[in-house]
Amino acid sequence: MKRVELLSPAGDLERLKIACIYGADAIYIGGQDYSLRANANNFSIAEIKEGCEFAHKLGKKVYLTLNIVFHNEDIDGVYDYIKDVVDAGIDAFIVSDLFLVDYIKNNFKVEVHLSTQLSISNKESVKFLKTRKVDRVVLAREVGRDDIKEIIDETGMDIEVFIHGAMCTFVSGRCVLSNYFTNRDSNRGGCAQICRFSLDINDEENFSMAVKDLNMSKFIKDMISIGIRSFKIEGRMRSPFYLAVVLSSYRRIIDAVYSNTLTDDILDKEMKILSRVSNRENSSHFYMKEADLSDQYYSGRQEVSNQDYLGIVLDKNDNIYTIRQRNYFKLGDDVEIITPNMDIINIKINNLYNDKMEPIEVANQADSKLFIKLDIDIPKFSMIRVPYL
Ligand code: SF4
C-alpha cells in the first residue's frame, strides 16, 4: 500500500523550496491565472518550471490549481495555458470545472485532481468521476470519517483531505459573502474573508461568523488506517516559517505512525508545537461529529500576531552562519533551531554580529543580515525560533 502523501501549499518559489526540504511529498501552487488565491504572489510559467525542476530533483511532485469558478470570459486562453504548464513539468492539475477534466485527460499525460471547490461529499459522485478518468478527488471539508472510509472502500479512488489550516464558514466553493460585501468574488480568487470580520451588534457586543482552524494531528493514525491517500495543508499565503513548522511536525507524526513509534508523549509535543505556530484556536470540525458551537468563535475572537520566527540560516562558512533576521532577539536569549532534518536544537545566543562583522547586542531590524558563530553543525535553511518546548 502506498504511503500517505503530505501535501503543502506554496505561494511563491521560496515557499516551494522550503516546503520541499521541510518534509512535504508534494506541493500545490497557483499560476498567475485561474487560481483561487489572487493575493498570493503566484507563479509565472518560468517559475513553475524552476519549481518543478527543484521539486523533481528531490523526488517531490508539483500540482497546479485551476480552480476558479469559470465564467465564459475566463475560458479564452485556458487551453494554451494548460499546454504551457504541462511543458513546464507540472505533475497534476487541481480543477473545479468538469470541462477541464476531459480536455486534460484527452490531450496530456498528467493527473487530474478534483478540487474541494466542487464540494464532492458522496460515493456516487466519486464513482462518476472515476468514469471520467479523474485520478484523485479532494473531498469537501465537511465530510466525516465514516463517509470518507465508505467512499474509499467502495470506489478505490485516491482521496485527498485537508488536515490543517483555515476553514470556510460556508461550504467551500459555495460562498458569495465576499462578493456582496466587497465586490470581490470568493470563487474567482478574491475572497476578502468576510466571515472573519468582527461585526458590531451594539456599543458593547460584537459578532463574528469565524470558525476555528482545522487541526487533525491527533487523528493522523486513524486517517492513515482508513486509506486516505493525501493529507493537505491549507494556506498558499502562509509564511515560510509557518510551513516549515507545520510540515515538519506532521512529517514527524506520519513517520512515527509508519514506524509504529507514535506515543501519547510525542503526539502531545507535536500538538503543542502546532497550536503555538497558529494564532487561532483549532478543532477537528466534521471528522468525528457534525461541527457545532464548539468549533465556532461567534464573539470574543482574538488573534495574536506571531513573533516566534527569529531568523533563517542563509549560508555557512566554517562555524560562522549568515542569518536573515525576522523578529527581535538579543544576546543571552534561549532559542530553538529547527532543521530540514526534522531536528529541534536548543541553544543560547552567545554572540551576534552585524553585516560588517561588528559585535552587536540585539537583532532588531527585520530582514537585515546578521552573523552568528555556532559550535554545532546545522544545514542551510534551518530556522531560529523562540523556544516551543
Ligand atoms: S468569506 Fe469566509 S466562508 Fe466565505 S469564501 Fe471567504 S473564507 Fe470562505
# chains A, B, ... in the order shown; residues from 1 in each chain; ligands from 1
>>> residues_near_ligand(ligand="ligand 1", cutoff="7 Å", atoms="only C-alpha atoms and all ligand atoms", output="PDB file with N, CA, C and O atoms, in the first residue's frame")
ATOM      1  N   MET A 167     -10.569  27.179   7.729  1.00  0.00           N
ATOM      2  CA  MET A 167     -11.791  26.584   7.179  1.00  0.00           C
ATOM      3  C   MET A 167     -12.681  27.697   6.646  1.00  0.00           C
ATOM      4  O   MET A 167     -12.617  28.837   7.106  1.00  0.00           O
ATOM      5  N   CYS A 168     -13.556  27.365   5.729  1.00  0.00           N
ATOM      6  CA  CYS A 168     -14.632  28.275   5.351  1.00  0.00           C
ATOM      7  C   CYS A 168     -15.795  28.079   6.322  1.00  0.00           C
ATOM      8  O   CYS A 168     -16.080  26.956   6.736  1.00  0.00           O
ATOM      9  N   THR A 169     -16.487  29.159   6.648  1.00  0.00           N
ATOM     10  CA  THR A 169     -17.687  29.049   7.478  1.00  0.00           C
ATOM     11  C   THR A 169     -18.809  28.415   6.666  1.00  0.00           C
ATOM     12  O   THR A 169     -19.633  27.670   7.190  1.00  0.00           O
ATOM     13  N   PHE A 170     -18.825  28.730   5.380  1.00  0.00           N
ATOM     14  CA  PHE A 170     -19.850  28.184   4.490  1.00  0.00           C
ATOM     15  C   PHE A 170     -19.219  27.048   3.694  1.00  0.00           C
ATOM     16  O   PHE A 170     -17.999  26.943   3.618  1.00  0.00           O
ATOM     17  N   SER A 172     -17.255  25.101   1.290  1.00  0.00           N
ATOM     18  CA  SER A 172     -16.221  25.637   0.401  1.00  0.00           C
ATOM     19  C   SER A 172     -16.728  25.667  -1.037  1.00  0.00           C
ATOM     20  O   SER A 172     -17.289  24.690  -1.519  1.00  0.00           O
ATOM     21  N   GLY A 173     -16.530  26.759  -1.696  1.00  0.00           N
ATOM     22  CA  GLY A 173     -16.943  26.859  -3.095  1.00  0.00           C
ATOM     23  C   GLY A 173     -18.396  27.251  -3.258  1.00  0.00           C
ATOM     24  O   GLY A 173     -18.923  27.269  -4.364  1.00  0.00           O
ATOM     25  N   CYS A 175     -19.753  30.068  -1.341  1.00  0.00           N
ATOM     26  CA  CYS A 175     -19.936  31.284  -0.550  1.00  0.00           C
ATOM     27  C   CYS A 175     -19.776  32.528  -1.406  1.00  0.00           C
ATOM     28  O   CYS A 175     -18.826  32.633  -2.179  1.00  0.00           O
ATOM     29  N   VAL A 176     -20.709  33.461  -1.274  1.00  0.00           N
ATOM     30  CA  VAL A 176     -20.598  34.718  -2.013  1.00  0.00           C
ATOM     31  C   VAL A 176     -20.645  35.932  -1.078  1.00  0.00           C
ATOM     32  O   VAL A 176     -20.932  37.046  -1.506  1.00  0.00           O
ATOM     33  N   LEU A 177     -20.358  35.712   0.211  1.00  0.00           N
ATOM     34  CA  LEU A 177     -20.341  36.829   1.159  1.00  0.00           C
ATOM     35  C   LEU A 177     -19.401  37.933   0.696  1.00  0.00           C
ATOM     36  O   LEU A 177     -19.724  39.115   0.757  1.00  0.00           O
ATOM     37  N   SER A 178     -18.226  37.509   0.249  1.00  0.00           N
ATOM     38  CA  SER A 178     -17.213  38.480  -0.153  1.00  0.00           C
ATOM     39  C   SER A 178     -17.701  39.313  -1.342  1.00  0.00           C
ATOM     40  O   SER A 178     -17.440  40.515  -1.423  1.00  0.00           O
ATOM     41  N   SER A 186     -15.275  35.491  -4.212  1.00  0.00           N
ATOM     42  CA  SER A 186     -14.522  34.445  -3.495  1.00  0.00           C
ATOM     43  C   SER A 186     -14.211  33.263  -4.391  1.00  0.00           C
ATOM     44  O   SER A 186     -13.234  32.561  -4.181  1.00  0.00           O
ATOM     45  N   CYS A 191     -11.542  36.278  -2.357  1.00  0.00           N
ATOM     46  CA  CYS A 191     -12.216  36.269  -1.063  1.00  0.00           C
ATOM     47  C   CYS A 191     -11.592  37.260  -0.071  1.00  0.00           C
ATOM     48  O   CYS A 191     -10.394  37.244   0.168  1.00  0.00           O
ATOM     49  N   ALA A 192     -12.419  38.122   0.514  1.00  0.00           N
ATOM     50  CA  ALA A 192     -11.943  39.102   1.498  1.00  0.00           C
ATOM     51  C   ALA A 192     -12.141  38.583   2.922  1.00  0.00           C
ATOM     52  O   ALA A 192     -12.006  39.334   3.884  1.00  0.00           O
ATOM     53  N   GLN A 193     -12.473  37.316   3.072  1.00  0.00           N
ATOM     54  CA  GLN A 193     -12.639  36.657   4.373  1.00  0.00           C
ATOM     55  C   GLN A 193     -13.625  37.406   5.282  1.00  0.00           C
ATOM     56  O   GLN A 193     -13.353  37.678   6.451  1.00  0.00           O
ATOM     57  N   ILE A 194     -14.764  37.727   4.718  1.00  0.00           N
ATOM     58  CA  ILE A 194     -15.783  38.460   5.465  1.00  0.00           C
ATOM     59  C   ILE A 194     -16.214  37.690   6.717  1.00  0.00           C
ATOM     60  O   ILE A 194     -16.515  38.274   7.754  1.00  0.00           O
ATOM     61  N   CYS A 195     -16.228  36.368   6.629  1.00  0.00           N
ATOM     62  CA  CYS A 195     -16.672  35.581   7.775  1.00  0.00           C
ATOM     63  C   CYS A 195     -15.782  35.811   9.000  1.00  0.00           C
ATOM     64  O   CYS A 195     -16.199  35.544  10.118  1.00  0.00           O
ATOM     65  N   ARG A 196     -14.545  36.312   8.791  1.00  0.00           N
ATOM     66  CA  ARG A 196     -13.652  36.575   9.938  1.00  0.00           C
ATOM     67  C   ARG A 196     -13.899  37.944  10.570  1.00  0.00           C
ATOM     68  O   ARG A 196     -13.362  38.247  11.614  1.00  0.00           O
TER      69      ARG A 196
END
>>> residues_around(residues="range 253-255 of chain A", least_positions_apart="5", cutoff="9 Å", atoms="only C-alpha atoms", output="PyMOL selection string")
chain A and resi 4+6+217+220-221+224+248+260-262+266-267+270
>>> closest_residue(among="A:Asn106, A:Thr155, A:Ser121, A:Ser44", to="Asp84 in chain A", atoms="only C-alpha atoms")
A:Ser44
>>> select_by_dssp(residues="range 13-178 of chain A", states="strand (DSSP E)", output="JSON, numbers by chain")
{"A": [26, 27, 28, 29, 30, 61, 62, 63, 64, 65, 66, 92, 93, 94, 95, 111, 112, 113, 114, 136, 137, 138, 158, 159, 160, 161, 162, 163, 164, 165]}
>>> select_by_dssp(residues="range 190-349 of chain A", states="alpha helix (DSSP H)", output="MDAnalysis selection string")
chainID A and resid 220:225 240:258 264:277
>>> closest_residue(among="A:Asp135, A:Glu73, A:Glu50, A:Asp185", to="Val101 in chain A", atoms="only C-alpha atoms")
A:Asp135
>>> residues_around(residues="Arg324 in chain A", least_positions_apart="3", cutoff="9 Å", atoms="only C-alpha atoms", output="ChimeraX atom specification")
/A:310-314,366-371
>>> residues_around(residues="range 86-92 of chain A", least_positions_apart="6", cutoff="6 Å", atoms="only C-alpha atoms", output="ChimeraX atom specification")
/A:49,52,62-63,110-112
>>> closest_residue(among="A:Ala10, A:Val386, A:Val134, A:Ala140", to="Ile273 in chain A", atoms="only C-alpha atoms")
A:Val386
>>> residues_around(residues="range 378-380 of chain A", least_positions_apart="3", cutoff="10 Å", atoms="only C-alpha atoms", output="ChimeraX atom specification")
/A:312-316,319,321-323,337-341,343,345,374-375,383
>>> atom_distance(atom1="CA of Gly11 in chain A", atom2="CA of Gly189 in chain A")
13.2 Å
>>> closest_residue(among="A:Ser275, A:Asn72, A:Gln296, A:Thr65", to="Ser96 in chain A", atoms="only C-alpha atoms")
A:Thr65
